[in-house]
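Taking it in order: structure first as structure tokens, then the write-up.
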Number of protein chains: 2
Amino acid sequence: MTEQPVYYFDNNATTRIASPVFEAMLPFLKEQWGNPSSAYSFGHDVGRHVDHARTKVAELIRAEPREIIFTSCGTESNNSAIHSALLTQPERRHIVTTTVEHSATLKFCAFLQKQGYEVTFLPVTADGALDLAQLKRSIRSDTALVSVMWANNETGVLFPIQEVAAICRSKGVLCHTDAVQAAGKINIDVKELGVDLLSLSGHKLYAPKGIGLLYVKRHTKYHPYIIGGGQERGRRGGTENVPYIVAFGKAAELALANLAKENTRVRALRDKLETGILERIPGASRNSPVEPRLPNTSNLAFCGVEAEGILMLLDQAGICASSGSACTTGSLDPSHVLTAMGCSASRARASVRFSLGIDNTAAEVDCLLERLPVIIEKLRANAPVDEAAESSIAVSSGSEVP
Amino acid sequence: MTEQPVYYFDNNATTRIASPVFEAMLPFLKEQWGNPSSAYSFGHDVGRHVDHARTKVAELIRAEPREIIFTSCGTESNNSAIHSALLTQPERRHIVTTTVEHSATLKFCAFLQKQGYEVTFLPVTADGALDLAQLKRSIRSDTALVSVMWANNETGVLFPIQEVAAICRSKGVLCHTDAVQAAGKINIDVKELGVDLLSLSGHKLYAPKGIGLLYVKRHTKYHPYIIGGGQERGRRGGTENVPYIVAFGKAAELALANLAKENTRVRALRDKLETGILERIPGASRNSPVEPRLPNTSNLAFCGVEAEGILMLLDQAGICASSGSACTTGSLDPSHVLTAMGCSASRARASVRFSLGIDNTAAEVDCLLERLPVIIEKLRANAPVDEAAESSIAVSSGSEVP
């Protein structure tokens, strides 16, 4: 059994299940295991807890419970939103999205392109920002959907979704936002936001991995993606994952209650971390503007050092951070988000994301600020040392056998 | 908090999470919450447990670990299998299935019909059996897939999947089986069976609701349905549901170890229940042949009585059973499975499914055999009594105001 990491700075990848969330779902892993779709009270009673959770996740985003469809993850939510927009408007075969979306949107759109749909992938500026005039121009009479993420998972950059939704509304086009990284970190009010569809994932806000939701604004036509039984009022087949739905409800309740306080606390920690690194490490720089950005995310480039090496040495020190998204780990390509912002491949490969959460403390940040400069220095020192070592071997090899 | 039902005879709807399964997944809900796709050891280590679980579920069906794709449920598995067969063979636009499939296949195929695909829904005999000659004839040069369930969820009737797969092989057509109800109840050997694709669901074999898998035979082309990150070797996007994957692995291990013994034990209990009811209750009869059938399932008609009333009174006695599938509960239509077998709507509406599991005991069956005859008698007696009451009200209404 691995020990928990001492310092976890990768909360955009996943989060620990909060204790009250675990406690809330526990009965549904033990005594309360009935099928909520069953006719008897042992099932019905479980169904009432599903209803309660639906109310709680709806409250987090100021939606109505009937506007919530539980899914298995953010990826399913994004796929479902796009699929539904196309299926309910068969005469519209064009989608607008951006080059910096999560792969759940990007790869699904690339798949749809192969199926004969047209997709416009909007670029971003060096600041990671959208050009709203360009977005407006990209909408056509046959555009089925504009799908734009709210908060970027790698940089934390926030897109002006309220403005995007207003443009969509003025053009009579559906608007979807992937709000997976926004939830629990910034305030979400779907009414104010004006979007038609919105995706969330439980495990980014202290619920388990394997539960998500799709908000579908009332009166928006919807076509299910996972098709089967009559669960979720016929909008998502498959027996309800009761324990995780209950967990998601509890996590949403906690997120809403703690949002303002946590937001301030985490922002201060993140700024301490970021300022500390930029002050202490020469050649370190931020991969995004200071604002508009998630309060918990910092994506930094360490000139001349490979992120892979940094992450390995951080790991040895019990510190978790990441380069890019966990969903694309293992890929040899540099981050598509950073390259879309105009970063060179070498800068993208020298970039590390730190993402904070409710468990992080000032002491942890202090420790990171103490260790990271040493790690970077070591990595920078290593390259020339290796070269020197190599040439010394070359010189000595002709003289004596060691 | 509801108490657990005293007598649960609805194991085809869902099962209790077995204690060793709960214990196995617990660490992944608590300490071991890293993202298995992350680069650091806190993530990697979790990934190793995912690998172990994959080996265990593979062993249950005699597959290789690399042939397993974890999904969120049996419904997703069925949708994915059919979708992949069509996407990887775009020139083939015809599917063969049966009229008695689970809605995850039936409704997905109906959806595909609307998208321009052709679907042949094969009928079944009064015994719920397939006509294999008819199946063979239904396969065309443009058939992409034959999707036939192994064990019917409502009646327990088993289809001869090995023969179906052999026919498909001889015709060069992919074969998928929905084995959700078969798993843990009968032996599964995919190599012997010869299918190309096979769906399983965790919550039918004592793992939680919200995890499934799709077996994809090696060298079979596959196109993902949930499209996003590189998880499951690019075949299913979405952060891995580690706790449930581990749970599924443990449940598979237990199912394999206990299969022969449990099969015999449960079959004896089911037969005791079935024979007991048929002996004690006049007008009761079986909705399927004795064999070939799952050892745990009994679907019985109670002539002249509505199943709804039976289930309500059973519920009051703390006994869980069902009419049809939980996935279609709330539907006013009589069971599509029973009507496909030629049952009248009234007989279908008078039918109750009892499905047993590892927790059921002989004492529970004795109790059911004691109570059910009283319930049926009461319901049969009630109808004329109600009519009499109604006419007495009609008579008295003209005389005095109550």
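Identifiers for the structure tokens are assigned positionally: chains receive A, B, ... in sequence, residues are indexed from 1 per chain, and ligands are indexed from 1 in the order shown.
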
Please identify every residue of chain B that has at least one atom no more than 6 Å from any atom of chain A, counting only C-alpha atoms, and report them as a ChimeraX atom specification.
/B:16,33,37-38,40,75-76,103-104,107-108,209-210,226-230,238,241,315,326-328

Could you write those residues out with N, CA, C and O atoms, as an mmCIF file, in the first residue's frame?
data_model
loop_
_atom_site.group_PDB
_atom_site.id
_atom_site.type_symbol
_atom_site.label_atom_id
_atom_site.label_comp_id
_atom_site.auth_asym_id
_atom_site.auth_seq_id
_atom_site.Cartn_x
_atom_site.Cartn_y
_atom_site.Cartn_z
ATOM 1 N N ARG B 16 -26.328 -7.103 -3.789
ATOM 2 C CA ARG B 16 -25.609 -6.491 -2.682
ATOM 3 C C ARG B 16 -24.109 -6.524 -3.001
ATOM 4 O O ARG B 16 -23.626 -7.484 -3.603
ATOM 5 N N TRP B 33 -6.157 7.421 -3.641
ATOM 6 C CA TRP B 33 -7.081 8.119 -4.543
ATOM 7 C C TRP B 33 -6.395 8.773 -5.741
ATOM 8 O O TRP B 33 -7.013 9.547 -6.475
ATOM 9 N N SER B 37 -3.576 7.584 -14.322
ATOM 10 C CA SER B 37 -2.912 8.060 -15.538
ATOM 11 C C SER B 37 -1.840 9.100 -15.246
ATOM 12 O O SER B 37 -1.213 9.613 -16.165
ATOM 13 N N SER B 38 -1.629 9.413 -13.956
ATOM 14 C CA SER B 38 -0.618 10.417 -13.617
ATOM 15 C C SER B 38 0.777 9.821 -13.663
ATOM 16 O O SER B 38 0.954 8.609 -13.529
ATOM 17 N N TYR B 40 3.387 10.360 -11.588
ATOM 18 C CA TYR B 40 4.093 10.099 -10.319
ATOM 19 C C TYR B 40 3.654 8.771 -9.695
ATOM 20 O O TYR B 40 2.629 8.200 -10.080
ATOM 21 N N THR B 75 -25.018 -1.244 -20.145
ATOM 22 C CA THR B 75 -25.650 -0.481 -21.221
ATOM 23 C C THR B 75 -24.597 0.171 -22.102
ATOM 24 O O THR B 75 -24.654 0.082 -23.332
ATOM 25 N N GLU B 76 -23.622 0.819 -21.471
ATOM 26 C CA GLU B 76 -22.539 1.426 -22.262
ATOM 27 C C GLU B 76 -21.803 0.351 -23.056
ATOM 28 O O GLU B 76 -21.446 0.572 -24.226
ATOM 29 N N SER B 103 -33.100 -3.535 -23.098
ATOM 30 C CA SER B 103 -33.323 -2.263 -23.785
ATOM 31 C C SER B 103 -32.020 -1.596 -24.221
ATOM 32 O O SER B 103 -32.018 -0.795 -25.166
ATOM 33 N N ALA B 104 -30.895 -1.923 -23.578
ATOM 34 C CA ALA B 104 -29.600 -1.357 -23.967
ATOM 35 C C ALA B 104 -29.226 -1.750 -25.397
ATOM 36 O O ALA B 104 -28.504 -1.025 -26.082
ATOM 37 N N LYS B 107 -33.199 -0.670 -27.718
ATOM 38 C CA LYS B 107 -33.447 0.752 -27.977
ATOM 39 C C LYS B 107 -32.305 1.380 -28.756
ATOM 40 O O LYS B 107 -32.514 2.319 -29.523
ATOM 41 N N PHE B 108 -31.092 0.879 -28.541
ATOM 42 C CA PHE B 108 -29.967 1.414 -29.319
ATOM 43 C C PHE B 108 -30.145 1.041 -30.789
ATOM 44 O O PHE B 108 -29.907 1.867 -31.677
ATOM 45 N N LYS B 209 -22.942 -0.770 -8.624
ATOM 46 C CA LYS B 209 -23.607 -0.258 -9.829
ATOM 47 C C LYS B 209 -22.766 0.882 -10.399
ATOM 48 O O LYS B 209 -22.460 1.829 -9.681
ATOM 49 N N GLY B 210 -22.394 0.799 -11.660
ATOM 50 C CA GLY B 210 -21.622 1.892 -12.246
ATOM 51 C C GLY B 210 -20.302 1.410 -12.816
ATOM 52 O O GLY B 210 -19.406 2.216 -13.067
ATOM 53 N N ILE B 226 -17.083 6.278 -25.936
ATOM 54 C CA ILE B 226 -16.801 7.458 -25.097
ATOM 55 C C ILE B 226 -15.396 7.903 -25.493
ATOM 56 O O ILE B 226 -14.420 7.207 -25.220
ATOM 57 N N ILE B 227 -15.316 9.071 -26.127
ATOM 58 C CA ILE B 227 -14.066 9.507 -26.746
ATOM 59 C C ILE B 227 -13.460 10.670 -25.969
ATOM 60 O O ILE B 227 -14.122 11.692 -25.749
ATOM 61 N N GLY B 228 -12.215 10.482 -25.515
ATOM 62 C CA GLY B 228 -11.559 11.554 -24.766
ATOM 63 C C GLY B 228 -10.092 11.255 -24.602
ATOM 64 O O GLY B 228 -9.392 11.099 -25.595
ATOM 65 N N GLY B 229 -9.639 11.143 -23.351
ATOM 66 C CA GLY B 229 -8.233 10.894 -23.063
ATOM 67 C C GLY B 229 -7.791 9.502 -23.491
ATOM 68 O O GLY B 229 -8.565 8.720 -24.048
ATOM 69 N N GLY B 230 -6.518 9.208 -23.196
ATOM 70 C CA GLY B 230 -5.926 7.964 -23.662
ATOM 71 C C GLY B 230 -6.163 6.763 -22.757
ATOM 72 O O GLY B 230 -5.522 5.725 -22.933
ATOM 73 N N GLY B 238 -12.105 9.065 -20.235
ATOM 74 C CA GLY B 238 -12.648 9.284 -18.896
ATOM 75 C C GLY B 238 -11.715 8.715 -17.844
ATOM 76 O O GLY B 238 -11.224 7.597 -17.996
ATOM 77 N N ASN B 241 -12.425 4.718 -13.054
ATOM 78 C CA ASN B 241 -13.158 4.582 -11.798
ATOM 79 C C ASN B 241 -12.467 3.497 -10.976
ATOM 80 O O ASN B 241 -12.908 2.354 -10.907
ATOM 81 N N ASP B 315 -43.963 -6.702 -1.004
ATOM 82 C CA ASP B 315 -43.158 -5.608 -0.446
ATOM 83 C C ASP B 315 -43.552 -5.349 1.009
ATOM 84 O O ASP B 315 -42.696 -5.183 1.882
ATOM 85 N N ALA B 326 -35.983 -4.001 -13.973
ATOM 86 C CA ALA B 326 -36.009 -2.740 -13.221
ATOM 87 C C ALA B 326 -35.825 -1.564 -14.170
ATOM 88 O O ALA B 326 -36.327 -0.477 -13.922
ATOM 89 N N CYS B 327 -35.109 -1.813 -15.255
ATOM 90 C CA CYS B 327 -34.825 -0.741 -16.221
ATOM 91 C C CYS B 327 -36.088 -0.260 -16.925
ATOM 92 O O CYS B 327 -36.096 0.794 -17.529
ATOM 93 N N THR B 328 -37.159 -1.066 -16.901
ATOM 94 C CA THR B 328 -38.379 -0.646 -17.580
ATOM 95 C C THR B 328 -39.523 -0.444 -16.588
ATOM 96 O O THR B 328 -40.666 -0.253 -16.980
#

All C-alpha atoms, paired in order, least-squares superposition of chain A on chain B: what RMSD does that give?
0.6 Å

Residues of region 82-183 of chain B classed as strand (DSSP E) by DSSP on the backbone are to be reported as JSON, numbers by chain.
{"B": [94, 95, 96, 97, 98, 118, 119, 120, 121, 122, 143, 144, 145, 146, 147, 174, 175, 176, 177, 178]}

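The residue set within 8 Å of Ile95 (chain A), counting only C-alpha atoms and dropping same-chain residues fewer than 3 places from it, reads Cys109, Tyr117, Glu118, Val119, Thr120, Thr143, Ala144, Leu145, Val146 and Ser147 of chain A.
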
Spatial neighbours of Ile277 (chain B), max dist 9 Å, only C-alpha atoms, sep filter under 2 positions, as an MDAnalysis selection string
chainID B and resid 272:275 279:282 284:285 300 368:369 372:373

Any chance you can output those residues with C-alpha atoms as a compact mmCIF listing (two decimals), in the first residue's frame?
# COMPACT_ATOMS: atom_id res chain seq x y z
CA LYS B 272 -37.59 -25.56 -4.44
CA LEU B 273 -39.15 -22.12 -4.82
CA GLU B 274 -40.57 -22.86 -8.25
CA THR B 275 -41.90 -26.33 -7.50
CA GLU B 279 -47.71 -27.02 -6.21
CA ARG B 280 -49.27 -24.64 -3.74
CA ILE B 281 -50.86 -22.00 -5.99
CA PRO B 282 -53.61 -23.01 -8.42
CA ALA B 284 -49.62 -20.58 -11.38
CA SER B 285 -47.42 -21.58 -14.29
CA LEU B 300 -44.11 -17.30 -13.12
CA LEU B 368 -41.95 -17.06 0.54
CA LEU B 369 -43.78 -20.35 -0.01
CA LEU B 372 -47.22 -16.04 -1.43
CA PRO B 373 -50.24 -18.41 -1.53

Write out as a PDB file with C-alpha atoms, in the first residue's frame all residues of region 111-164 of chain A that backbone DSSP assigns to helix (DSSP H, G or I).
ATOM      1  CA  PHE A 111     -14.145  11.969 -34.783  1.00  0.00           C
ATOM      2  CA  LEU A 112     -17.226  13.847 -35.986  1.00  0.00           C
ATOM      3  CA  GLN A 113     -15.176  15.515 -38.715  1.00  0.00           C
ATOM      4  CA  LYS A 114     -14.357  12.059 -40.042  1.00  0.00           C
ATOM      5  CA  LEU A 132     -15.007  36.873 -29.451  1.00  0.00           C
ATOM      6  CA  ALA A 133     -15.427  38.702 -32.772  1.00  0.00           C
ATOM      7  CA  GLN A 134     -13.836  35.730 -34.503  1.00  0.00           C
ATOM      8  CA  LEU A 135     -16.081  33.356 -32.553  1.00  0.00           C
ATOM      9  CA  LYS A 136     -19.105  35.375 -33.670  1.00  0.00           C
ATOM     10  CA  ARG A 137     -17.969  35.281 -37.300  1.00  0.00           C
ATOM     11  CA  SER A 138     -17.414  31.525 -37.149  1.00  0.00           C
ATOM     12  CA  ILE A 161     -18.651  32.058 -21.161  1.00  0.00           C
ATOM     13  CA  GLN A 162     -21.405  34.564 -20.386  1.00  0.00           C
ATOM     14  CA  GLU A 163     -20.371  36.581 -23.468  1.00  0.00           C
ATOM     15  CA  VAL A 164     -19.998  33.427 -25.546  1.00  0.00           C
TER      16      VAL A 164
END

Of the candidates A:Lys204, A:Arg93, A:Arg169, A:Arg62, which one gets nearest to Gly184 (chain A) if we count only C-alpha atoms?
A:Lys204

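Coordinates place CA of Phe159 (chain B) at a distance of 12.5 Å from CA of Pro289 (chain B).
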
Might you pull out every residue within 7 Å of Val21 (chain A), with only C-alpha atoms counted and same-chain residues fewer than 5 positions away left off, and present them as a PDB file with N, CA, C and O atoms, in the first residue's frame?
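As a result, around.pdb now contains:
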ATOM      1  N   ALA A 207     -15.456  14.295  -4.956  1.00  0.00           N
ATOM      2  CA  ALA A 207     -16.299  13.093  -5.081  1.00  0.00           C
ATOM      3  C   ALA A 207     -15.454  12.060  -5.841  1.00  0.00           C
ATOM      4  O   ALA A 207     -14.381  12.386  -6.345  1.00  0.00           O
ATOM      5  N   ALA A 247     -22.585  10.728  -3.352  1.00  0.00           N
ATOM      6  CA  ALA A 247     -21.298  11.386  -3.067  1.00  0.00           C
ATOM      7  C   ALA A 247     -21.197  12.725  -3.795  1.00  0.00           C
ATOM      8  O   ALA A 247     -20.776  13.731  -3.217  1.00  0.00           O
ATOM      9  N   LYS A 250     -23.247  15.325  -2.071  1.00  0.00           N
ATOM     10  CA  LYS A 250     -22.604  15.834  -0.854  1.00  0.00           C
ATOM     11  C   LYS A 250     -21.437  16.752  -1.207  1.00  0.00           C
ATOM     12  O   LYS A 250     -21.251  17.809  -0.595  1.00  0.00           O
ATOM     13  N   ALA A 251     -20.651  16.349  -2.204  1.00  0.00           N
ATOM     14  CA  ALA A 251     -19.501  17.159  -2.622  1.00  0.00           C
ATOM     15  C   ALA A 251     -19.964  18.522  -3.135  1.00  0.00           C
ATOM     16  O   ALA A 251     -19.331  19.548  -2.870  1.00  0.00           O
TER      17      ALA A 251
END

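CA of Leu356 (chain A) sits 19.9 Å away from CA of Leu338 (chain A).
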
For Ile376 (chain A), find every residue with an atom within 9 Å (counting only C-alpha atoms), except residues of its own chain fewer than 5 positions away, and show them as an MDAnalysis selection string.
chainID A and resid 281 302 305 309:310 371 381

Measuring between only C-alpha atoms, which one of A:Ala151, A:Ile167, A:Ile245, A:Ile61 shows the shortest distance to Asn296 (chain A)?
A:Ala151

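In this structure, CA of Leu197 (chain B) sits 4.8 Å away from CA of Val216 (chain B).
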